[in-house]
Amino acid sequence: MSNIGLGDGSQTVSLVVLTAMLIASAMGVVLLQNIVYAAFLLGACFISVAGLYLLLNADFVAAAQVLIYVGAVNILILFAIMLVNKRQDYQDVKYGALRSVVTGVVCLGLFALLGVTVTSTNWAITPAIAKLPSTMVVIGQHFFSDYLLPFELASVLLLVALIGAIVLARRELVPDTVTVGQVDEDSLELLEKPKEQLVASK
Amino acid sequence: MSLEPFLIIAAALFCIGIYGLITSRNAVRVLMSVELMLNAVNLNLMAFSNYLDSASIRGQVFTIFVISIAAAEAAVGLAIVLSIYRSRDTVDMEQFNLLRW
């Protein structure tokens, strides 16, 4: 009953394949030790979610998902991993294994609860899925009529986040005290304040 | 196809995200788990938008808002991780106790 022109059988097959990809890559993101592999699997996870969006008749949002998540967020995460690539063995914490087991049990319980809720509720499903001329037209009408204020606020929020990220991530430069003409071997280094520990390590 | 498989998939993705959020030691992996949970919520919104509100797809509008907020969150979160790494020289979540005592 989808508008994308696939038959029922091929839709079911695509759903199963995309679900397997999604769950496997999400487990990989959480469980793999190597964080670079985890970041690439996160990209696979985002792409399979975009495929699920296509099955739900949402072409524009699927394209936005690929552009923003795979193209921007995933690349940003890879850059952050490259910048903080510190190979260290984490010290063991008290009850570390027990914590993982308890968290797993709680998550499985939450999944069971959500599953029971989903299957036992009578959803008011519309009998036929409406054939829209283009989802983009409908989304644009929403954006510029009844969701105009959130749309404009989102732009302000993106600007604030942009400036905030720059302010948080940049280093403070030492004021320029080097006199002109004095060239020594230190002049090619970046003029930065030395790193200061916020709290003395114990 | 019906609504329930998509909701079950979204629930599974959300639970995997919660597990990763609580158990990971690396701060970048915590942010990745948050992205997983946001994707699960988006999938829920899209499923409801298609099956319950297919004429005026408001769920897709909400999903686009969530995607833009998630992009802003990722940028600010990774900047915070970088700045913590610079001051503490680690990304281990168990050693971030600046606000604890």
# chains A, B, ... in the order shown; residues from 1 in each chain; ligands from 1
call {"tool": "residues_around", "arguments": {"residues": "Gly51 of chain A", "least_positions_apart": "4", "cutoff": "8 Å", "atoms": "only C-alpha atoms", "output": "list in words"}}
result
Leu18, Ile47, Leu55 and Ala62 of chain A
call {"tool": "residues_around", "arguments": {"residues": "Ala72 of chain A", "least_positions_apart": "3", "cutoff": "12 Å", "atoms": "only C-alpha atoms", "output": "ChimeraX atom specification"}}
result
/A:43,46,64-69,75-79 /B:67-68,70-72,74-75
call {"tool": "residues_around", "arguments": {"residues": "Asn42 of chain B", "least_positions_apart": "5", "cutoff": "12 Å", "atoms": "only C-alpha atoms", "output": "PyMOL selection string"}}
result
(chain A and resi 46+49-50+52-53+56+58+61-62+65) or (chain B and resi 6-7+9-11+13-14+35-37+47-49+59-70)
call {"tool": "residues_around", "arguments": {"residues": "segment 92-101 of chain A", "least_positions_apart": "2", "cutoff": "10 Å", "atoms": "only C-alpha atoms", "output": "list in words"}}
result
Asp89, Tyr90, Thr103, Gly104, Val105, Val106 and Cys107 of chain A; Tyr19, Gly20, Ile22, Thr23, Ser24 and Glu94 of chain B
call {"tool": "residues_around", "arguments": {"residues": "Ser54 of chain B", "least_positions_apart": "6", "cutoff": "9 Å", "atoms": "only C-alpha atoms", "output": "PyMOL selection string"}}
result
(chain A and resi 126+128-132) or (chain B and resi 48)
call {"tool": "write_last_selection", "arguments": {"atoms": "C-alpha atoms", "output": "JSON list (two decimals), in the first residue's frame"}}
result
[["chain", "number", "residue", "atom", "x", "y", "z"],
["A", 126, "THR", "CA", -6.62, 5.32, 8.03],
["A", 128, "ALA", "CA", -6.25, 4.03, 2.52],
["A", 129, "ILE", "CA", -3.00, 5.92, 2.36],
["A", 130, "ALA", "CA", -3.59, 9.21, 0.57],
["A", 131, "LYS", "CA", -1.80, 9.72, -2.71],
["A", 132, "LEU", "CA", -0.02, 13.04, -2.42],
["B", 48, "PHE", "CA", 2.61, 7.40, 12.51]]
call {"tool": "closest_residue", "arguments": {"among": "A:Val30, A:Leu110, A:Val17, A:Val70", "to": "Ile8 of chain B", "atoms": "only C-alpha atoms"}}
result
A:Leu110
call {"tool": "select_by_dssp", "arguments": {"residues": "chain A", "states": "helix (DSSP H, G or I)", "output": "PyMOL selection string"}}
result
chain A and resi 8-31+35-55+59-83+96-120+135-144+148-169+185-188
call {"tool": "atom_distance", "arguments": {"atom1": "atom CA of Leu38 of chain B", "atom2": "atom CA of Pro5 of chain B"}}
result
18.2 Å
call {"tool": "closest_residue", "arguments": {"among": "A:Ser14, A:Ser134, A:Thr19, A:Asn122", "to": "chain B", "atoms": "only C-alpha atoms"}}
result
A:Thr19
call {"tool": "atom_distance", "arguments": {"atom1": "atom CA of Val91 of chain B", "atom2": "atom CA of Leu32 of chain A"}}
result
16.8 Å
call {"tool": "residues_around", "arguments": {"residues": "Gln95 of chain B", "least_positions_apart": "3", "cutoff": "10 Å", "atoms": "only C-alpha atoms", "output": "ChimeraX atom specification"}}
result
/A:90-91,201 /B:25,88,90-92,98
call {"tool": "write_last_selection", "arguments": {"atoms": "N, CA and C atoms", "output": "PDB file, in the first residue's frame"}}
result
ATOM      1  N   TYR A  90      40.912   1.569  29.597  1.00  0.00           N
ATOM      2  CA  TYR A  90      40.118   2.145  30.669  1.00  0.00           C
ATOM      3  C   TYR A  90      40.343   1.363  31.950  1.00  0.00           C
ATOM      4  N   GLN A  91      40.457   2.105  33.035  1.00  0.00           N
ATOM      5  CA  GLN A  91      40.574   1.408  34.319  1.00  0.00           C
ATOM      6  C   GLN A  91      39.244   0.766  34.657  1.00  0.00           C
ATOM      7  N   SER A 201      44.805  16.393  38.833  1.00  0.00           N
ATOM      8  CA  SER A 201      44.478  14.966  38.808  1.00  0.00           C
ATOM      9  C   SER A 201      44.996  14.309  40.079  1.00  0.00           C
TER      10      SER A 201
ATOM     11  N   ARG B  25      32.033   3.811  27.731  1.00  0.00           N
ATOM     12  CA  ARG B  25      33.014   4.583  28.467  1.00  0.00           C
ATOM     13  C   ARG B  25      33.504   5.763  27.645  1.00  0.00           C
ATOM     14  N   ARG B  88      41.125  17.629  30.443  1.00  0.00           N
ATOM     15  CA  ARG B  88      41.324  16.453  31.288  1.00  0.00           C
ATOM     16  C   ARG B  88      42.218  15.401  30.669  1.00  0.00           C
ATOM     17  N   THR B  90      41.508  13.016  28.644  1.00  0.00           N
ATOM     18  CA  THR B  90      40.892  11.697  28.527  1.00  0.00           C
ATOM     19  C   THR B  90      39.476  11.867  28.006  1.00  0.00           C
ATOM     20  N   VAL B  91      38.911  10.787  27.442  1.00  0.00           N
ATOM     21  CA  VAL B  91      37.502  10.825  27.059  1.00  0.00           C
ATOM     22  C   VAL B  91      36.719   9.765  27.823  1.00  0.00           C
ATOM     23  N   ASP B  92      37.293   9.285  28.926  1.00  0.00           N
ATOM     24  CA  ASP B  92      36.625   8.256  29.720  1.00  0.00           C
ATOM     25  C   ASP B  92      35.517   8.899  30.543  1.00  0.00           C
ATOM     26  N   LEU B  98      33.915  16.708  37.123  1.00  0.00           N
ATOM     27  CA  LEU B  98      34.151  18.120  37.401  1.00  0.00           C
ATOM     28  C   LEU B  98      33.047  18.719  38.250  1.00  0.00           C
TER      29      LEU B  98
END
call {"tool": "atom_distance", "arguments": {"atom1": "atom CA of Met1 of chain B", "atom2": "atom CA of Thr12 of chain A"}}
result
7.0 Å
call {"tool": "decode", "arguments": {"residues": "segment 34-50 of chain B", "atoms": "all heavy atoms", "output": "CSV table (one decimal), in the first residue's frame"}}
result
chain,number,residue,atom,x,y,z
B,34,VAL,N,23.2,8.6,21.4
B,34,VAL,CA,22.1,9.6,21.4
B,34,VAL,C,21.6,9.7,20.0
B,34,VAL,O,20.3,9.9,19.8
B,34,VAL,CB,22.6,10.9,22.0
B,34,VAL,CG1,21.6,12.0,21.8
B,34,VAL,CG2,23.0,10.8,23.4
B,35,GLU,N,22.4,9.7,19.0
B,35,GLU,CA,22.0,9.8,17.6
B,35,GLU,C,21.1,8.6,17.3
B,35,GLU,O,20.1,8.8,16.6
B,35,GLU,CB,23.1,9.9,16.7
B,35,GLU,CG,24.0,11.1,16.8
B,35,GLU,CD,23.3,12.4,16.5
B,35,GLU,OE1,22.4,12.4,15.8
B,35,GLU,OE2,23.7,13.4,17.1
B,36,LEU,N,21.5,7.4,17.8
B,36,LEU,CA,20.6,6.2,17.5
B,36,LEU,C,19.2,6.4,18.1
B,36,LEU,O,18.2,6.1,17.5
B,36,LEU,CB,21.3,5.0,18.1
B,36,LEU,CG,22.4,4.4,17.4
B,36,LEU,CD1,22.8,3.1,18.2
B,36,LEU,CD2,22.1,4.0,16.0
B,37,MET,N,19.2,7.0,19.3
B,37,MET,CA,17.9,7.1,20.0
B,37,MET,C,17.0,8.2,19.2
B,37,MET,O,15.8,8.0,19.0
B,37,MET,CB,18.0,7.6,21.4
B,37,MET,CG,18.6,6.5,22.3
B,37,MET,SD,19.2,7.1,23.8
B,37,MET,CE,17.7,7.7,24.6
B,38,LEU,N,17.7,9.2,18.7
B,38,LEU,CA,16.9,10.3,18.0
B,38,LEU,C,16.4,9.7,16.7
B,38,LEU,O,15.3,10.0,16.3
B,38,LEU,CB,17.8,11.4,17.7
B,38,LEU,CG,18.1,12.4,18.8
B,38,LEU,CD1,19.2,13.3,18.5
B,38,LEU,CD2,16.8,13.2,19.1
B,39,ASN,N,17.2,8.8,16.1
B,39,ASN,CA,16.7,8.1,14.9
B,39,ASN,C,15.5,7.2,15.1
B,39,ASN,O,14.6,7.1,14.3
B,39,ASN,CB,17.8,7.3,14.2
B,39,ASN,CG,18.5,8.0,13.2
B,39,ASN,OD1,18.0,8.2,12.1
B,39,ASN,ND2,19.7,8.5,13.4
B,40,ALA,N,15.5,6.5,16.3
B,40,ALA,CA,14.4,5.7,16.7
B,40,ALA,C,13.1,6.6,16.8
B,40,ALA,O,12.0,6.2,16.3
B,40,ALA,CB,14.7,5.0,18.0
B,41,VAL,N,13.2,7.7,17.4
B,41,VAL,CA,12.1,8.6,17.6
B,41,VAL,C,11.6,9.1,16.2
B,41,VAL,O,10.4,9.1,16.0
B,41,VAL,CB,12.5,9.8,18.5
B,41,VAL,CG1,11.4,10.8,18.5
B,41,VAL,CG2,12.8,9.3,19.9
B,42,ASN,N,12.5,9.4,15.3
B,42,ASN,CA,12.2,9.9,14.0
B,42,ASN,C,11.4,8.8,13.3
B,42,ASN,O,10.4,9.1,12.6
B,42,ASN,CB,13.4,10.2,13.2
B,42,ASN,CG,13.9,11.6,13.5
B,42,ASN,OD1,13.2,12.3,14.2
B,42,ASN,ND2,15.1,11.9,13.1
B,43,LEU,N,11.9,7.5,13.4
B,43,LEU,CA,11.2,6.4,12.7
B,43,LEU,C,9.8,6.3,13.2
B,43,LEU,O,8.8,6.0,12.4
B,43,LEU,CB,12.0,5.1,12.9
B,43,LEU,CG,11.7,3.9,12.1
B,43,LEU,CD1,11.8,4.3,10.6
B,43,LEU,CD2,12.6,2.8,12.4
B,44,ASN,N,9.6,6.4,14.5
B,44,ASN,CA,8.2,6.4,15.1
B,44,ASN,C,7.4,7.5,14.5
B,44,ASN,O,6.2,7.2,14.1
B,44,ASN,CB,8.3,6.6,16.6
B,44,ASN,CG,7.8,5.5,17.4
B,44,ASN,OD1,7.0,4.7,16.9
B,44,ASN,ND2,8.2,5.3,18.6
B,45,LEU,N,7.9,8.7,14.5
B,45,LEU,CA,7.1,9.8,13.9
B,45,LEU,C,6.7,9.6,12.5
B,45,LEU,O,5.6,9.8,12.1
B,45,LEU,CB,7.9,11.1,14.0
B,45,LEU,CG,8.0,11.8,15.4
B,45,LEU,CD1,9.0,12.9,15.3
B,45,LEU,CD2,6.7,12.3,15.8
B,46,MET,N,7.7,9.0,11.7
B,46,MET,CA,7.4,8.8,10.3
B,46,MET,C,6.4,7.7,10.1
B,46,MET,O,5.5,7.8,9.2
B,46,MET,CB,8.7,8.4,9.5
B,46,MET,CG,9.7,9.4,9.6
B,46,MET,SD,9.4,10.8,8.6
B,46,MET,CE,9.7,10.1,7.0
B,47,ALA,N,6.4,6.7,10.9
B,47,ALA,CA,5.5,5.6,10.8
B,47,ALA,C,4.1,6.1,11.1
B,47,ALA,O,3.1,5.8,10.3
B,47,ALA,CB,5.8,4.4,11.7
B,48,PHE,N,3.9,6.9,12.2
B,48,PHE,CA,2.6,7.4,12.5
B,48,PHE,C,2.1,8.4,11.4
B,48,PHE,O,1.0,8.4,11.1
B,48,PHE,CB,2.6,8.1,13.9
B,48,PHE,CG,2.6,7.2,15.0
B,48,PHE,CD1,3.6,7.2,16.0
B,48,PHE,CD2,1.6,6.2,15.1
B,48,PHE,CE1,3.6,6.3,17.0
B,48,PHE,CE2,1.6,5.3,16.2
B,48,PHE,CZ,2.6,5.4,17.1
B,49,SER,N,3.1,9.1,10.9
B,49,SER,CA,2.7,10.1,9.8
B,49,SER,C,2.2,9.4,8.6
B,49,SER,O,1.2,9.9,8.0
B,49,SER,CB,3.9,10.9,9.5
B,49,SER,OG,3.8,11.5,8.2
B,50,ASN,N,2.7,8.2,8.3
B,50,ASN,CA,2.3,7.5,7.1
B,50,ASN,C,1.0,6.8,7.3
B,50,ASN,O,0.1,6.8,6.4
B,50,ASN,CB,3.4,6.6,6.6
B,50,ASN,CG,3.0,6.0,5.3
B,50,ASN,OD1,2.6,6.7,4.4
B,50,ASN,ND2,3.3,4.7,5.1
